[in-house]
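Below is one structure; the comments refer to it alone.
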Amino acid sequence: MNPPVPATPLIVADSPAQPTPSAEPLAPPHAGPAGQPLLSVRDLVVRYGTTTAVDGVSFDIHAGETVGLVGPSGCGKSSTAAAVLQLRRPHSGEVRFDDVDLTALDERQLRPVRQRLQPVFQDPYGSLSPRRRIRDQIAEPLRLHGRWSHSAGPRRVAELLDMTGLNPALGSRFPHELSGGQCQRAGIARALANTPRLLILDEPISALDASLRAGILNLLLDLQDGLGLSYLFISHDITAVRHLSNRILTMRDGRLVR
Amino acid sequence: MRATAARAAALTAVLALTGLLPWLSGTDPALSLLRARSAEQEPTPEALAAIRTDLGLDSGPVALLGRWAAGLLHGDLGVSWVSGTEVLPAVLAGLQVSLTLMGAAAAVALLTGAALAAPAALRGRAGTGTAAAVLAALPEFLLALLLLITVGVWLGGLPTSGWTGPAHLVLPALALGIPAGALLGRLVAEALPAVLEERWVELWQGAGTSRRYVTTAALRRALPPLVPQFAMVAVGLTGGAVAVETVFAVPGLGRTALGAAKSQDLPLLQGAILALLTLGLLAGAVGSAVRRRLLGPALRDASLTLPTARPTPVPTAVPVALGAVLLTTIGWGLLREPYAIHTTARLAAPSAAHPLGTDALGRDVLARLGHGAVPTIGTAAAVCLLAGLVGLLLGFLPDTATGFADVTNALPPVVAGIMVAAVTGPGTGAAALAVTLTAWPPLASHAAALTQEVRASAFLTAQRAMGASPLWILSRHVLPAVAGPVARHAVLRLPGTALALASLGFLGLGAQPPTPEWGLLLNESADYAERAPVAALAPAAALALLAALAVTLAAMTTRRRTTTSQRKSLSLAR
Ligand SMILES: Nc1ncnc2c1ncn2[C@@H]1O[C@H](COP(=O)(O)OP(=O)(O)O)[C@@H](O)[C@H]1O
Ligand SMILES: [Mg+2]
């Protein structure tokens, strides 16, 4: 057994990383009472018609932990993410989040759970509506779950903008008036609106200029420190994954490999 | 799959509507039938009841439809209520005349189209120019009337009425064929430049391939994608035939249908509509078959990139100027009195008192033109709104919409107008309904494309992940993204819609006198074109302006759509 790799703040985008064996940590960083994992995926299978994109994947994520998921393009990383988020219902397997099997819930029952489990996508512009101001988009999850009020709502949006390193003045802009990095921060702010516990980050920096990547990675580390978030960090860029993750899973052809 | 089901459903619905016309219209044919059968018999209640039973009008819609369908299968279309003769021979005779006319019109169209597309094919010039575009938008009834007045009445020499020899074919074929040809030529001329800029053309030319060979190859590449649109032009001929046959008194299918609708001779109307509909559906089916044949497996594999059409660019000033002229005329006319009759000044030439002269009752033509804008353009606005709503709704069900559109596309507005008028009687509402029924498909396909684009975006996935319900997503995100552009598109279709309404008004299927609706106005003034040419030509000019406006606005929509998508890809690249 190897010792867990501590999450280290990223200083330079391509600084050398420690070797990262993909093994269970001895003790997860912020493990719950009985070491109960926050997310527990068992024998996950995702199919599109006859093709099997994810073929029996199992892994755990503990509170406060970052698990990296790497692998070549088309190996099933995004499909795993979609199945964990229940955006694509898995063909079989279990997705236990906070000790509830999400695969057993219907869309309505999932709604409250979704506040605590949020995605961040690859395309910074595509994941925001081109027609809405940034502040309205960050406010939308609050409104959706009845957490919006005239006094507290705008304050929370300002707080989220600040937390993600965005100038509050940018809130009144439209996505096309922002840079890719700023849009990605807005997407993260929206994901954080309802204080989630786990973020599924599907290639969150792949579409960004190399110069912006380090900023986003550092933001993610800061947020984790401040909020005790857990991350499933998906990327085909192993250097970035190494900087962020306590543990790394490698995927190939729909299966986890050692 | 769903498209096929919708297609079958729509076709069945149209056929059932046709079969049920006698029941739907609620007219009682007993009296007219009695008169037609024997002049001396008294119209006693018993005799009338006997006729109703004989026609099966008392047995309810299902039995009526059943009888009609059974007769149809035996080639029995029933008996005319007016003449008492078999319907089938009358329909076949009309069909023969109409097919001859359409054949001649097709020849005219091919010549016109070839002449217009030649500069593009030989010199790679884009488009055909605005004049040809306006010609393509000109409704057949307007061109027919202009030809009738100029060539027939003023120049003389060519017969303008009847069907007794080859000379009678000339003017109707020109009126029907020229707009169709202008449309064909425009389609080809807009598709060719993109093809001629493809790399292989340069390679072939570099290799010394003859110019003629390259042009032929370019045409072979440009034409197949246009085949469905060619089919639509052919369908348009069936609608145009109604107007042209009416103007030139040609005893074809279209005129038969119109006459039957006006005299409430429903069996004859059913037969004529059936024949017109069959022609339209055949054109559409042949179009798709030819396209599949020409494009073959490439279409199935979606591996073929087809060249994008390049519409003739139109400066924004053109539609603005056209609109300004129209609005000024309308505004001026609205200030005047349209119904006042000046018996002393009938058919007066333009003067200070009557800037556009007076009509046969001595009414001020400018005033009537101005006030006529309300029923013409106002109704068109209502139709556009309705068609936009229908398009929006069906845009969310793209498969169903495609199926319905295939059938409505086979139904020109005029034929729909005849059917609706037969049920409800002619009127502004009937015309509006008919045009709405045929106006929604382009709006629905635009809405469907936009919906698909929104649905495919990662942003919608984020919405679902947020826990948004389908209704929330639809009402807050999809609808706002689709409704705006579709509404704009519907507004830009306003002039074309007004022309379709005017066609119906001209044929007496729309607004009724004394409403100064433009189509009706033209119909009334055409009779005295020789004595008061300005009064006759004023509504024609207004309609031609409308046609020009329709064309230039259409050119602007395509341009705007390309620039937005370019802007989007630019912002993504940033
Ligand atoms: N919506 C879909 N329909 C059909 N096949 C899909 C779909 N999404 C992904 N796939 C297939 O599933 C496999 C895994 O894709 P994905 O999960 O996107 O991989 P990755 O994110 O690792 O690049 C690929 O073979 C891909 O072609
Ligand atoms: Mg992926």
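FYI, nothing fancy with the structure tokens labels: chains A, B, ... in order, residues from 1 per chain, ligands from 1 as they appear.
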**Report entry** Within-8 Å residues of ligand 1, basis only C-alpha atoms and all ligand atoms, as a list in words
**Finding:**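 My answer, listing the contacting residues, is Arg47, Tyr48, Gly49, Thr51, Thr52, Ala53, Val54, Gly71, Pro72, Ser73, Gly74, Cys75, Gly76, Lys77, Ser78, Ser79, Thr80, Ala81, Asp202, Asp253 and Gly254 of chain A.
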For chain A against chain B, with a cut-off of 7 Å and counting only C-alpha atoms, what is the closest atom pair and its distance in Å to one decimal for every residue that makes the cut, ordered by chain and number, as a Markdown table?
```
| residue | atom | partner | partner_atom | distance |
| --- | --- | --- | --- | --- |
| A:Leu85 | CA | B:Ala465 | CA | 7.0 |
| A:Leu87 | CA | B:Ala465 | CA | 6.7 |
| A:Arg111 | CA | B:Gly467 | CA | 4.7 |
| A:Arg114 | CA | B:Gly467 | CA | 5.9 |
| A:Gln115 | CA | B:Met466 | CA | 6.6 |
| A:Gln118 | CA | B:Ala465 | CA | 6.6 |
| A:Gly126 | CA | B:Ala458 | CA | 5.5 |
| A:Ser127 | CA | B:Phe459 | CA | 3.7 |
| A:Leu128 | CA | B:Phe459 | CA | 5.1 |
| A:Ser129 | CA | B:Phe459 | CA | 6.0 |
| A:Pro141 | CA | B:Met466 | CA | 6.2 |
| A:Leu144 | CA | B:Ala468 | CA | 6.7 |
| A:His176 | CA | B:Ser571 | CA | 6.5 |
```
Please produce an output containing C-alpha atoms for each residue in the selection, written as a PDB file, in the first residue's frame.
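Result file follows (out.pdb):
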```
ATOM      1  CA  LEU A  85     -24.780  12.770 -12.135  1.00  0.00           C
ATOM      2  CA  LEU A  87     -27.837  12.768 -16.498  1.00  0.00           C
ATOM      3  CA  ARG A 111     -33.980  17.230  -7.550  1.00  0.00           C
ATOM      4  CA  ARG A 114     -28.798  17.628  -7.245  1.00  0.00           C
ATOM      5  CA  GLN A 115     -28.118  20.650  -5.074  1.00  0.00           C
ATOM      6  CA  GLN A 118     -22.916  19.501  -9.334  1.00  0.00           C
ATOM      7  CA  GLY A 126     -21.530  26.322 -24.127  1.00  0.00           C
ATOM      8  CA  SER A 127     -22.414  25.578 -20.526  1.00  0.00           C
ATOM      9  CA  LEU A 128     -23.880  29.046 -20.029  1.00  0.00           C
ATOM     10  CA  SER A 129     -26.940  30.428 -21.742  1.00  0.00           C
ATOM     11  CA  PRO A 141     -30.111  27.382  -8.956  1.00  0.00           C
ATOM     12  CA  LEU A 144     -34.977  26.840  -8.753  1.00  0.00           C
ATOM     13  CA  HIS A 176     -19.938  36.431 -24.917  1.00  0.00           C
TER      14      HIS A 176
END
```
Report task. Determine, counting only C-alpha atoms, which protein, DNA and RNA residues have an atom within 7 Å of an atom of stretch 410-419 of chain B; residues of the same chain fewer than 6 positions away are not included. Present the result as a list in words. Result -> Val235, Gly236, Gly239, Leu258, Ala261, Leu277, Gly280, Leu281, Gly284, Ala431, Ala434, Val435, Thr438, Ala500, Leu504 and Leu509 of chain B
Could you turn the residues from that selection into a file that holds all heavy atoms, as an mmCIF file, in the first residue's frame?
```
data_model
loop_
_atom_site.group_PDB
_atom_site.id
_atom_site.type_symbol
_atom_site.label_atom_id
_atom_site.label_comp_id
_atom_site.auth_asym_id
_atom_site.auth_seq_id
_atom_site.Cartn_x
_atom_site.Cartn_y
_atom_site.Cartn_z
ATOM 1 N N VAL B 235 -45.552 22.015 -57.685
ATOM 2 C CA VAL B 235 -46.786 22.086 -56.890
ATOM 3 C C VAL B 235 -47.398 23.473 -57.036
ATOM 4 O O VAL B 235 -48.615 23.625 -57.197
ATOM 5 C CB VAL B 235 -46.498 21.783 -55.409
ATOM 6 C CG1 VAL B 235 -47.738 22.040 -54.578
ATOM 7 C CG2 VAL B 235 -46.036 20.353 -55.238
ATOM 8 N N GLY B 236 -46.530 24.491 -57.012
ATOM 9 C CA GLY B 236 -47.002 25.864 -57.163
ATOM 10 C C GLY B 236 -47.751 26.053 -58.467
ATOM 11 O O GLY B 236 -48.700 26.834 -58.539
ATOM 12 N N GLY B 239 -51.416 25.478 -58.129
ATOM 13 C CA GLY B 239 -52.123 26.618 -57.539
ATOM 14 C C GLY B 239 -52.226 27.756 -58.519
ATOM 15 O O GLY B 239 -53.296 28.368 -58.679
ATOM 16 N N LEU B 258 -62.655 26.133 -58.956
ATOM 17 C CA LEU B 258 -63.100 27.425 -58.446
ATOM 18 C C LEU B 258 -64.590 27.628 -58.726
ATOM 19 O O LEU B 258 -65.360 28.016 -57.844
ATOM 20 C CB LEU B 258 -62.278 28.542 -59.094
ATOM 21 C CG LEU B 258 -62.552 29.940 -58.556
ATOM 22 C CD1 LEU B 258 -62.141 30.029 -57.106
ATOM 23 C CD2 LEU B 258 -61.812 30.982 -59.391
ATOM 24 N N ALA B 261 -66.674 25.479 -56.495
ATOM 25 C CA ALA B 261 -66.739 25.990 -55.123
ATOM 26 C C ALA B 261 -67.723 27.140 -55.043
ATOM 27 O O ALA B 261 -68.497 27.239 -54.096
ATOM 28 C CB ALA B 261 -65.358 26.447 -54.662
ATOM 29 N N LEU B 277 -54.819 17.736 -55.829
ATOM 30 C CA LEU B 277 -54.025 17.239 -54.710
ATOM 31 C C LEU B 277 -53.110 16.107 -55.171
ATOM 32 O O LEU B 277 -51.937 16.041 -54.789
ATOM 33 C CB LEU B 277 -54.979 16.748 -53.624
ATOM 34 C CG LEU B 277 -54.411 16.585 -52.234
ATOM 35 C CD1 LEU B 277 -53.909 17.915 -51.730
ATOM 36 C CD2 LEU B 277 -55.489 16.041 -51.301
ATOM 37 N N GLY B 280 -50.186 17.526 -56.949
ATOM 38 C CA GLY B 280 -49.233 18.107 -55.997
ATOM 39 C C GLY B 280 -48.431 17.036 -55.281
ATOM 40 O O GLY B 280 -47.207 17.116 -55.180
ATOM 41 N N LEU B 281 -49.110 16.006 -54.796
ATOM 42 C CA LEU B 281 -48.428 14.938 -54.067
ATOM 43 C C LEU B 281 -47.476 14.188 -54.984
ATOM 44 O O LEU B 281 -46.370 13.816 -54.591
ATOM 45 C CB LEU B 281 -49.443 13.974 -53.459
ATOM 46 C CG LEU B 281 -50.184 14.509 -52.231
ATOM 47 C CD1 LEU B 281 -51.303 13.563 -51.838
ATOM 48 C CD2 LEU B 281 -49.209 14.687 -51.076
ATOM 49 N N GLY B 284 -44.350 16.162 -55.433
ATOM 50 C CA GLY B 284 -43.510 16.040 -54.248
ATOM 51 C C GLY B 284 -42.826 14.688 -54.177
ATOM 52 O O GLY B 284 -41.631 14.586 -53.906
ATOM 53 N N ALA B 431 -60.155 33.004 -46.081
ATOM 54 C CA ALA B 431 -58.878 33.172 -46.763
ATOM 55 C C ALA B 431 -57.734 33.122 -45.761
ATOM 56 O O ALA B 431 -56.700 32.486 -45.995
ATOM 57 C CB ALA B 431 -58.863 34.501 -47.515
ATOM 58 N N ALA B 434 -57.085 29.575 -44.712
ATOM 59 C CA ALA B 434 -56.438 28.791 -45.768
ATOM 60 C C ALA B 434 -54.957 29.132 -45.865
ATOM 61 O O ALA B 434 -54.104 28.239 -45.975
ATOM 62 C CB ALA B 434 -57.128 29.050 -47.102
ATOM 63 N N VAL B 435 -54.637 30.418 -45.812
ATOM 64 C CA VAL B 435 -53.228 30.803 -45.943
ATOM 65 C C VAL B 435 -52.443 30.363 -44.708
ATOM 66 O O VAL B 435 -51.301 29.902 -44.812
ATOM 67 C CB VAL B 435 -53.093 32.317 -46.194
ATOM 68 C CG1 VAL B 435 -51.638 32.737 -46.229
ATOM 69 C CG2 VAL B 435 -53.748 32.682 -47.513
ATOM 70 N N THR B 438 -51.301 26.828 -44.921
ATOM 71 C CA THR B 438 -50.193 26.511 -45.811
ATOM 72 C C THR B 438 -48.934 27.322 -45.487
ATOM 73 O O THR B 438 -47.898 27.099 -46.092
ATOM 74 C CB THR B 438 -50.590 26.793 -47.275
ATOM 75 O OG1 THR B 438 -51.122 28.120 -47.333
ATOM 76 C CG2 THR B 438 -51.641 25.824 -47.742
ATOM 77 N N ALA B 500 -50.430 36.161 -51.002
ATOM 78 C CA ALA B 500 -51.259 34.954 -51.063
ATOM 79 C C ALA B 500 -52.709 35.307 -50.766
ATOM 80 O O ALA B 500 -53.639 34.819 -51.431
ATOM 81 C CB ALA B 500 -50.744 33.914 -50.076
ATOM 82 N N LEU B 504 -56.272 35.111 -53.213
ATOM 83 C CA LEU B 504 -57.586 34.588 -52.858
ATOM 84 C C LEU B 504 -58.652 35.662 -53.033
ATOM 85 O O LEU B 504 -59.752 35.388 -53.520
ATOM 86 C CB LEU B 504 -57.570 34.058 -51.424
ATOM 87 C CG LEU B 504 -56.684 32.837 -51.209
ATOM 88 C CD1 LEU B 504 -56.748 32.364 -49.769
ATOM 89 C CD2 LEU B 504 -57.108 31.713 -52.138
ATOM 90 N N LEU B 509 -62.387 34.459 -53.318
ATOM 91 C CA LEU B 509 -62.444 33.519 -52.206
ATOM 92 C C LEU B 509 -62.183 34.207 -50.872
ATOM 93 O O LEU B 509 -62.277 33.586 -49.824
ATOM 94 C CB LEU B 509 -61.411 32.400 -52.398
ATOM 95 C CG LEU B 509 -61.613 31.522 -53.621
ATOM 96 C CD1 LEU B 509 -60.400 30.655 -53.858
ATOM 97 C CD2 LEU B 509 -62.850 30.667 -53.428
#
```
Query raised in the report: Any idea what the distance is between atom CA of B:Gly156 and atom CA of B:Leu169?
Result: 15.1 Å
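Of the residues listed (A:Ala63, A:Leu201, A:Val120, A:Ala193), A:Ala193 shows the shortest atom-to-atom separation from A:Gly153; distances use only C-alpha atoms.
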Query raised in the report: Can you list, as number ranges by chain, every residue of stretch 165-250 of chain A that DSSP puts in strand (DSSP E or B)?
Result: A: 198-202, 230-234, 247-250
What does the file look like for those residues with N, CA and C atoms, as an mmCIF file, in the first residue's frame?
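Printed below is selection_20.cif as written:
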```cif
data_model
loop_
_atom_site.group_PDB
_atom_site.id
_atom_site.type_symbol
_atom_site.label_atom_id
_atom_site.label_comp_id
_atom_site.auth_asym_id
_atom_site.auth_seq_id
_atom_site.Cartn_x
_atom_site.Cartn_y
_atom_site.Cartn_z
ATOM 1 N N LEU A 198 -20.043 17.679 -3.624
ATOM 2 C CA LEU A 198 -19.189 17.004 -4.613
ATOM 3 C C LEU A 198 -19.339 17.695 -5.965
ATOM 4 N N LEU A 199 -18.217 18.050 -6.574
ATOM 5 C CA LEU A 199 -18.243 18.588 -7.935
ATOM 6 C C LEU A 199 -17.686 17.551 -8.881
ATOM 7 N N ILE A 200 -18.388 17.326 -9.979
ATOM 8 C CA ILE A 200 -17.884 16.452 -11.035
ATOM 9 C C ILE A 200 -17.305 17.377 -12.092
ATOM 10 N N LEU A 201 -16.004 17.408 -12.202
ATOM 11 C CA LEU A 201 -15.323 18.340 -13.111
ATOM 12 C C LEU A 201 -14.893 17.570 -14.357
ATOM 13 N N ASP A 202 -15.679 17.724 -15.445
ATOM 14 C CA ASP A 202 -15.365 16.975 -16.665
ATOM 15 C C ASP A 202 -14.518 17.846 -17.591
ATOM 16 N N SER A 230 -15.526 17.867 -2.248
ATOM 17 C CA SER A 230 -14.887 16.712 -2.885
ATOM 18 C C SER A 230 -14.966 16.905 -4.386
ATOM 19 N N TYR A 231 -13.975 16.365 -5.090
ATOM 20 C CA TYR A 231 -13.955 16.505 -6.547
ATOM 21 C C TYR A 231 -13.770 15.157 -7.215
ATOM 22 N N LEU A 232 -14.506 14.954 -8.298
ATOM 23 C CA LEU A 232 -14.103 13.936 -9.265
ATOM 24 C C LEU A 232 -13.544 14.738 -10.431
ATOM 25 N N PHE A 233 -12.236 14.673 -10.624
ATOM 26 C CA PHE A 233 -11.567 15.546 -11.596
ATOM 27 C C PHE A 233 -11.183 14.726 -12.813
ATOM 28 N N ILE A 234 -11.867 15.008 -13.914
ATOM 29 C CA ILE A 234 -11.649 14.221 -15.123
ATOM 30 C C ILE A 234 -10.791 15.011 -16.093
ATOM 31 N N ARG A 247 -5.771 10.845 -5.363
ATOM 32 C CA ARG A 247 -5.803 9.492 -5.871
ATOM 33 C C ARG A 247 -6.147 9.563 -7.348
ATOM 34 N N ILE A 248 -5.586 8.690 -8.156
ATOM 35 C CA ILE A 248 -5.858 8.760 -9.592
ATOM 36 C C ILE A 248 -6.365 7.423 -10.101
ATOM 37 N N LEU A 249 -7.473 7.469 -10.814
ATOM 38 C CA LEU A 249 -7.999 6.274 -11.467
ATOM 39 C C LEU A 249 -7.689 6.392 -12.943
ATOM 40 N N THR A 250 -7.283 5.289 -13.527
ATOM 41 C CA THR A 250 -7.004 5.298 -14.952
ATOM 42 C C THR A 250 -8.014 4.408 -15.657
#
```
Query raised in the report: Which parts of stretch 286-455 of chain B does DSSP call helix (DSSP H, G or I) when run on the backbone here, written out as JSON, numbers by chain?
Result: {"B": [286, 287, 288, 289, 290, 291, 292, 293, 294, 295, 297, 298, 299, 300, 317, 318, 319, 320, 321, 322, 323, 324, 325, 326, 327, 328, 329, 330, 331, 332, 333, 334, 343, 344, 345, 365, 366, 367, 368, 369, 370, 371, 372, 373, 374, 375, 376, 377, 378, 379, 380, 381, 382, 383, 384, 385, 386, 387, 388, 389, 390, 391, 392, 393, 394, 395, 398, 399, 400, 401, 402, 403, 404, 405, 406, 407, 408, 409, 413, 414, 415, 416, 417, 418, 419, 420, 421, 422, 423, 424, 428, 429, 430, 431, 432, 433, 434, 435, 436, 437, 438, 439, 440, 441, 442, 443, 444, 445, 446, 447, 448, 449, 450, 451, 452, 453, 454, 455]}
Query raised in the report: What lies within 7 Å of stretch 518-530 of chain B using only C-alpha atoms, ignoring chain neighbours under 3 positions off, as a list in words?
Result: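 Contacts, with the query itself left out: Ile149, Asp359, Leu369, Gly372, Thr376, Ala502, Ser503, Gly505, Phe506, Gly508, Pro533, Ala535, Ala536, Pro539 and Ala540 of chain B.
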Requested in this report: Kindly give the distance, in Å, that separates atom CA of B:Arg368 and atom CA of B:Gly333, rounded to a single decimal.
Outcome: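 Atom CA of B:Gly333 lies at a distance of 6.8 Å from atom CA of B:Arg368.
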Report task. Mind checking which residues fall within 12 Å of B:Ala10, counting only C-alpha atoms, ignoring those fewer than 2 positions away in the same chain, and posting them as a list of chain:residue names? Result ->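 Contacts, with the query itself left out: B:Ala3, B:Thr4, B:Ala5, B:Ala6, B:Arg7, B:Ala8, B:Thr12, B:Ala13, B:Val14, B:Leu15, B:Ala16, B:Leu17, B:Thr400, B:Ala401, B:Thr402, B:Gly403, B:Phe404, B:Ala405, B:Asp406, B:Val407, B:Thr408, B:Asn409, B:Ala410, B:Leu411, B:Leu437.
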Query - Residues near B:Phe248, cut-off 9 Å, only C-alpha atoms, skip fewer than 2 positions along chain, as a PyMOL selection string - result: chain B and resi 144-145+148+159-163+168+171-172+243-246+250
For N, CA and C atoms, I'd like the residues from the last selection saved as a CSV table (one decimal), in the first residue's frame.
```csv
chain,number,residue,atom,x,y,z
B,144,ALA,N,-50.6,37.4,-65.0
B,144,ALA,CA,-51.6,37.0,-66.0
B,144,ALA,C,-52.4,38.3,-66.3
B,145,LEU,N,-52.8,39.0,-65.4
B,145,LEU,CA,-53.6,40.2,-65.6
B,145,LEU,C,-52.8,41.3,-66.4
B,148,LEU,N,-52.6,40.1,-69.8
B,148,LEU,CA,-53.9,40.3,-70.5
B,148,LEU,C,-54.1,41.7,-70.9
B,159,PRO,N,-55.1,35.8,-78.5
B,159,PRO,CA,-56.3,35.6,-77.9
B,159,PRO,C,-56.2,35.6,-76.3
B,160,THR,N,-57.1,36.2,-75.7
B,160,THR,CA,-57.0,36.4,-74.2
B,160,THR,C,-58.1,35.5,-73.5
B,161,SER,N,-58.8,34.8,-74.2
B,161,SER,CA,-59.9,34.1,-73.5
B,161,SER,C,-60.3,32.8,-74.3
B,162,GLY,N,-60.5,31.7,-73.6
B,162,GLY,CA,-61.0,30.5,-74.2
B,162,GLY,C,-59.8,29.5,-74.5
B,163,TRP,N,-60.2,28.4,-75.2
B,163,TRP,CA,-59.2,27.3,-75.4
B,163,TRP,C,-59.6,26.6,-76.7
B,168,HIS,N,-54.1,30.1,-78.1
B,168,HIS,CA,-54.7,30.3,-76.8
B,168,HIS,C,-53.8,29.9,-75.6
B,171,LEU,N,-50.4,33.1,-73.9
B,171,LEU,CA,-50.4,34.0,-72.7
B,171,LEU,C,-50.6,33.2,-71.4
B,172,PRO,N,-51.5,32.2,-71.3
B,172,PRO,CA,-51.5,31.5,-70.0
B,172,PRO,C,-50.2,30.8,-69.7
B,243,ALA,N,-55.6,30.5,-60.8
B,243,ALA,CA,-55.7,31.9,-61.2
B,243,ALA,C,-55.5,32.2,-62.7
B,244,VAL,N,-54.5,31.5,-63.3
B,244,VAL,CA,-54.3,31.8,-64.7
B,244,VAL,C,-55.5,31.3,-65.5
B,245,GLU,N,-56.0,30.1,-65.2
B,245,GLU,CA,-57.1,29.6,-66.0
B,245,GLU,C,-58.3,30.5,-65.8
B,246,THR,N,-58.5,31.1,-64.6
B,246,THR,CA,-59.6,32.0,-64.4
B,246,THR,C,-59.5,33.3,-65.2
B,250,VAL,N,-59.7,29.6,-69.3
B,250,VAL,CA,-59.3,28.4,-69.8
B,250,VAL,C,-60.0,27.3,-69.1
```
Report task. Record the distance separating atom CA of A:Glu107 and atom CA of A:Arg88, expressed in Å with one decimal. Result ->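 Straight-line distance from atom CA of A:Glu107 to atom CA of A:Arg88 works out to 11.5 Å.
Non-sequential neighbours of stretch 53-66 of chain B (distance at most 7 Å, separation of 2 or more positions within a chain, only C-alpha atoms) are B:Ala16, B:Gly19, B:Leu20, B:Trp23, B:Ala49, B:Ala50, B:Ile51, B:Trp68, B:Ala69, B:Ala70.
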Query - From B:Gly78, B:Pro441, B:Gly177, B:Pro350, residue lying nearest B:Leu268 [only C-alpha atoms] - result: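 That would be B:Gly78, the residue with the smallest distance to B:Leu268.
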